[in-house]
Structure formats: C-alpha cells, structure tokens
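Asker: Below is a structure I'd like to ask you about.
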Amino acid sequence: AVLFISALWLLIVYAPVAHWVWGGGYFAKMGIMDFAGGIVVHVTAGVSALVLAWMLRPRQEFPHGIRPPHAPWMVMVGASMLWVGWFGFNVMSAQEVGKISGLVAVNSLMAMVGGTLVAVVMGKNDPGFAYNGPLAGLVAVCAGSDLMHPMGALVVGAVAGGIFVVMFTLTQNKWRIDDVLGVWPLHGLCGTWGGIAAGIFGTTALGGLGGINLTAQLAGTALGVAWALIGGFVVYGVLKATVGLRLSQEEEFEGADLTLHKISATPDREVTW
C-alpha cells in the first residue's frame with residue numbers, strides 16, 4: 001500500500017500542482033508565487049494526510065491507551081536534521097547558484113525562531129511542540145521566503161507555531177483523528193497559512209519586495225487544498241478498496257517494526273519467529 005500510495009499520490013496530486021505553479025501552468029498564469037513549495041509540497045501533502053488519517057481510523061485504544069513514544073530523543077535528532085537541511089532546501093529552490101539569495105536564508109532562520117518561541121510557550125515546554133515549532137515556521141515561510149522582510153518572516157513563523165500547537169491538540173483530542181506526527185496541522189495548515197501570508201508580508205507595504213498579489217495567493221492556496229482533498233480521497237479510497245491500507249489488529253498490536261520489517265525498534269522487544 002505504501003508503494004502504491006507513493007506512486008499514485010505523486011502522479012495524481014503532487015505532479016499536477018507542481019506543473020501548475022512551477023511549470024508555467026494555470027497557477028503561474030494567475031500570478032501565484034510559491035518559491036520553495038509551501039503550496040506545492042506542504043499543502044498537498046498535509047491536506048492529503050488528513051484524508052488518509054481519517055480513512056485509516058484511530059489506532060486501538062486511541063487516544064488514552066496509546067503507549068508514549070519510546071525514544072523522544074529520536075524525534076529531536078530527526079527534527080534537528082530538518083532544521084539544518086531546510087536551509088539547503090529553501091535556499092537552493094532558486095535552482096541556480098547565481099540566483100541564490102541570502103534573504104531566503106535569513107527569512108528561514110527568522111521564521112524558525114518565531115515558530116520555536118511560540119510553540120515552546122503555548123506548548124508549555126512539551127518536547128514534541130518544541131521540536132516541531134521550528135518546522136512549523138519553516139513550512140510557513142516557504143512560499144514567500146524570497147520576498148518577505150525578515151521581521152515579516154518572524155511573524156509568519158510565530159503564527160505558524162501557534163497554529164500547530166492549537167490544531168494538533170484539537171485534531172487529536174477533540175476530533176479524535178489519529179494523525180500521529182501532526183502532518184495535517186504542521187504541513188497542511190502551516191503551509192496554507194504560508195501561502196496566504198506570502199501575499200500579505202511579501203508586499204512592499206510591509207517591507208517585502210512586492211510583485212505578489214494577495215487575491216491570487218488566496219485563490220491558489222484554496223485550489224491547492226481542494227485538489228489535495230479530492231486527490232487524496234481518490235487515491236486512498238481506491239487503495240483501501242483494493243489492496244487495503246491498515247494492519248490487522250494483531251499486527252497493529254505487535255507494531256509495524258516487528259510485523260513488516262521483522263526487526264525490533266527497542267531492545268526489550270525481540271523478534272520471536
């Protein structure tokens with residue numbers, strides 16, 4: 001199922017939006033700007049992830065009977081790799097060495113700082129929020145990182161940090177949607193905010209470089225969300241009806257590490273077959 005999802009989602013959801021924005025397609029002709037994939041990458045992936053999490057339904061005993069993460073330090077290591085790698089991702093979205101902009105690097109840093117500060121405060125020092133707050137800011141700044149003033153990027157990142165904390169909590173505790181890593185609030189919602197924010201903080205009135213239209217950004221972001229929703233239902237719905245999406249109850253209890261990969265994630269759980 002994972003392999004089928006990777007191929008079909010790429011072709012049906014991601015590729016069309018990438019062409020519309022970066023390939024001179026419909027979105028580009030509308031004047032939509034997305035420098036580093038806030039809409040193309042994060043909105044499409046995050047919104048489709050919400051569809052998948054809803055279709056899969058929660059894990060057994062979710063939310064109160066779920067065992068806590070066995071190695072929070074792994075979350076920190078993985079997140080820190082992204083904190084560093086994002087500078088290469090955002091900056092080199094210029095595609096050419098001659099077009100590299102120091103402004104993109106500075107804005108990435110400022111957005112990361114804003115997301116971190118707000119997520120730590122609103123998340124009450126919870127490690128999960130502290131590690132993901134910087135990523136929320138980085139996701140949000142992608143679309144307009146080449147246009148915003150650094151102080152605008154700081155605000156965009158700060159708002160994204162708050163969005164992540166509030167919406168992750170709401171999704172898990174109120175909606176009972178088992179989005180384990182918060183892909184929907186982190187990428188879907190923060191990417192949506194970033195697509196719109198580019199049209200606000202990229203304007204010359206707020207210190208940006210200008211040349212961007214808020215109406216176009218609103219329309220493009222909304223269309224990206226709609227396409228990801230529709231495409232997600234199509235891809236995951238077809239696969240759920242054919243190859244299936246979920247482990248059996250016994251396999252789920254044992255965990256995917258043991259049942260699929262035949263290897264233990266922790267020393268105390270060894271393979272018995």
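Following the order of the structure tokens, chains are lettered A, B, ..., residues in each are numbered from 1, and ligands are numbered from 1.
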List every residue of region 66-168 of chain A that has an atom at most 12 Å from any atom of region 250-266 of chain A, and for each one report the closest atom pair and its distance in Å to one decimal, counting only C-alpha atoms, with rows sorted by chain and then by increasing residue number, as a tab-separated table.
Answerer:
```
residue	atom	partner	partner_atom	distance
A:Ile66	CA	A:Phe253	CA	10.6
A:Arg67	CA	A:Phe253	CA	10.9
A:Pro69	CA	A:Ala265	CA	11.2
A:His70	CA	A:Thr266	CA	7.9
A:Ala71	CA	A:Thr266	CA	9.0
A:Met74	CA	A:Ala265	CA	11.5
```
Asker: Can you write just those residues out, C-alpha atoms, as an mmCIF file, in the first residue's frame?
Answerer:
```
data_model
loop_
_atom_site.group_PDB
_atom_site.id
_atom_site.type_symbol
_atom_site.label_atom_id
_atom_site.label_comp_id
_atom_site.auth_asym_id
_atom_site.auth_seq_id
_atom_site.Cartn_x
_atom_site.Cartn_y
_atom_site.Cartn_z
ATOM 1 C CA ILE A 66 -1.621 4.622 23.402
ATOM 2 C CA ARG A 67 1.878 3.975 24.678
ATOM 3 C CA PRO A 69 6.930 7.464 22.262
ATOM 4 C CA HIS A 70 9.674 5.077 23.296
ATOM 5 C CA ALA A 71 12.552 7.379 22.297
ATOM 6 C CA MET A 74 14.958 10.258 18.161
#
```
Asker: Which residues are close to Ala222 (chain A), i.e. within 10 Å by only C-alpha atoms, leaving aside same-chain residues fewer than 2 positions away? Reply as an NGL selection string.
Answerer: :A and (39 or 43 or 192 or 195-196 or 216-220 or 224-228)
Asker: Save out the residues we just selected, N, CA and C atoms, as a PDB file, in the first residue's frame.
Answerer:
```pdb
ATOM      1  N   ILE A  39       2.899  25.659  -1.026  1.00  0.00           N
ATOM      2  CA  ILE A  39       1.641  25.128  -1.553  1.00  0.00           C
ATOM      3  C   ILE A  39       1.873  23.794  -2.252  1.00  0.00           C
ATOM      4  N   VAL A  43       1.158  21.958   1.416  1.00  0.00           N
ATOM      5  CA  VAL A  43      -0.307  21.948   1.413  1.00  0.00           C
ATOM      6  C   VAL A  43      -0.828  20.634   0.853  1.00  0.00           C
ATOM      7  N   THR A 192      -0.741  26.200   4.317  1.00  0.00           N
ATOM      8  CA  THR A 192      -1.850  27.048   3.871  1.00  0.00           C
ATOM      9  C   THR A 192      -1.671  28.478   4.372  1.00  0.00           C
ATOM     10  N   GLY A 195       1.105  30.141   2.355  1.00  0.00           N
ATOM     11  CA  GLY A 195       0.714  30.543   1.009  1.00  0.00           C
ATOM     12  C   GLY A 195      -0.030  31.865   1.015  1.00  0.00           C
ATOM     13  N   ILE A 196      -0.897  32.023   2.016  1.00  0.00           N
ATOM     14  CA  ILE A 196      -1.646  33.279   2.145  1.00  0.00           C
ATOM     15  C   ILE A 196      -0.746  34.402   2.677  1.00  0.00           C
ATOM     16  N   ALA A 216      -4.539  36.430  -5.634  1.00  0.00           N
ATOM     17  CA  ALA A 216      -4.022  35.262  -6.339  1.00  0.00           C
ATOM     18  C   ALA A 216      -3.529  34.210  -5.358  1.00  0.00           C
ATOM     19  N   GLN A 217      -2.864  34.655  -4.289  1.00  0.00           N
ATOM     20  CA  GLN A 217      -2.361  33.692  -3.291  1.00  0.00           C
ATOM     21  C   GLN A 217      -3.509  32.984  -2.586  1.00  0.00           C
ATOM     22  N   LEU A 218      -4.558  33.731  -2.261  1.00  0.00           N
ATOM     23  CA  LEU A 218      -5.730  33.123  -1.632  1.00  0.00           C
ATOM     24  C   LEU A 218      -6.360  32.087  -2.555  1.00  0.00           C
ATOM     25  N   ALA A 219      -6.535  32.456  -3.819  1.00  0.00           N
ATOM     26  CA  ALA A 219      -7.152  31.540  -4.771  1.00  0.00           C
ATOM     27  C   ALA A 219      -6.291  30.314  -5.004  1.00  0.00           C
ATOM     28  N   GLY A 220      -5.000  30.517  -5.175  1.00  0.00           N
ATOM     29  CA  GLY A 220      -4.099  29.394  -5.437  1.00  0.00           C
ATOM     30  C   GLY A 220      -4.004  28.433  -4.263  1.00  0.00           C
ATOM     31  N   GLY A 224      -5.211  24.587  -4.221  1.00  0.00           N
ATOM     32  CA  GLY A 224      -4.289  23.536  -3.815  1.00  0.00           C
ATOM     33  C   GLY A 224      -4.887  22.632  -2.748  1.00  0.00           C
ATOM     34  N   VAL A 225      -5.564  23.247  -1.783  1.00  0.00           N
ATOM     35  CA  VAL A 225      -6.240  22.475  -0.736  1.00  0.00           C
ATOM     36  C   VAL A 225      -7.321  21.583  -1.340  1.00  0.00           C
ATOM     37  N   ALA A 226      -8.128  22.145  -2.224  1.00  0.00           N
ATOM     38  CA  ALA A 226      -9.223  21.390  -2.838  1.00  0.00           C
ATOM     39  C   ALA A 226      -8.697  20.213  -3.656  1.00  0.00           C
ATOM     40  N   TRP A 227      -7.651  20.458  -4.435  1.00  0.00           N
ATOM     41  CA  TRP A 227      -7.093  19.382  -5.260  1.00  0.00           C
ATOM     42  C   TRP A 227      -6.516  18.258  -4.385  1.00  0.00           C
ATOM     43  N   ALA A 228      -5.850  18.635  -3.297  1.00  0.00           N
ATOM     44  CA  ALA A 228      -5.279  17.629  -2.403  1.00  0.00           C
ATOM     45  C   ALA A 228      -6.369  16.809  -1.719  1.00  0.00           C
TER      46      ALA A 228
END
```
Asker: Go ahead and compute the interatomic distance for CA of His42 (chain A) and CA of Leu186 (chain A), in Å to one decimal.
Answerer: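 Going from CA of His42 (chain A) over to CA of Leu186 (chain A), I get 8.6 Å.
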Asker: List as number ranges by chain the protein and nucleic acid residues near Met148 (chain A), meaning an atom at most 8 Å away when only C-alpha atoms are counted, but skip any in the same chain fewer than 4 places from it.
Answerer: A: 107, 144, 152-153, 198, 201-203, 207-209
Asker: Extract, using only C-alpha atoms, all DNA, RNA and protein residues at most 8 Å from Gly162 (chain A), discarding same-chain residues fewer than 5 positions from it, and format them as a CSV table (one decimal) with N, CA, C and O atoms, in the first residue's frame.
Answerer:
```csv
chain,number,residue,atom,x,y,z
A,115,GLY,N,8.5,30.4,15.1
A,115,GLY,CA,7.8,29.2,15.4
A,115,GLY,C,8.2,28.5,16.7
A,115,GLY,O,7.4,28.0,17.4
A,118,VAL,N,7.0,30.6,20.0
A,118,VAL,CA,5.5,30.5,20.3
A,118,VAL,C,5.1,29.0,20.6
A,118,VAL,O,4.4,28.8,21.6
A,119,ALA,N,5.7,28.0,19.9
A,119,ALA,CA,5.4,26.6,20.2
A,119,ALA,C,5.8,26.2,21.6
A,119,ALA,O,5.1,25.5,22.3
A,122,MET,N,3.3,28.2,24.1
A,122,MET,CA,2.0,27.7,24.0
A,122,MET,C,1.9,26.2,24.3
A,122,MET,O,0.9,25.7,24.9
```
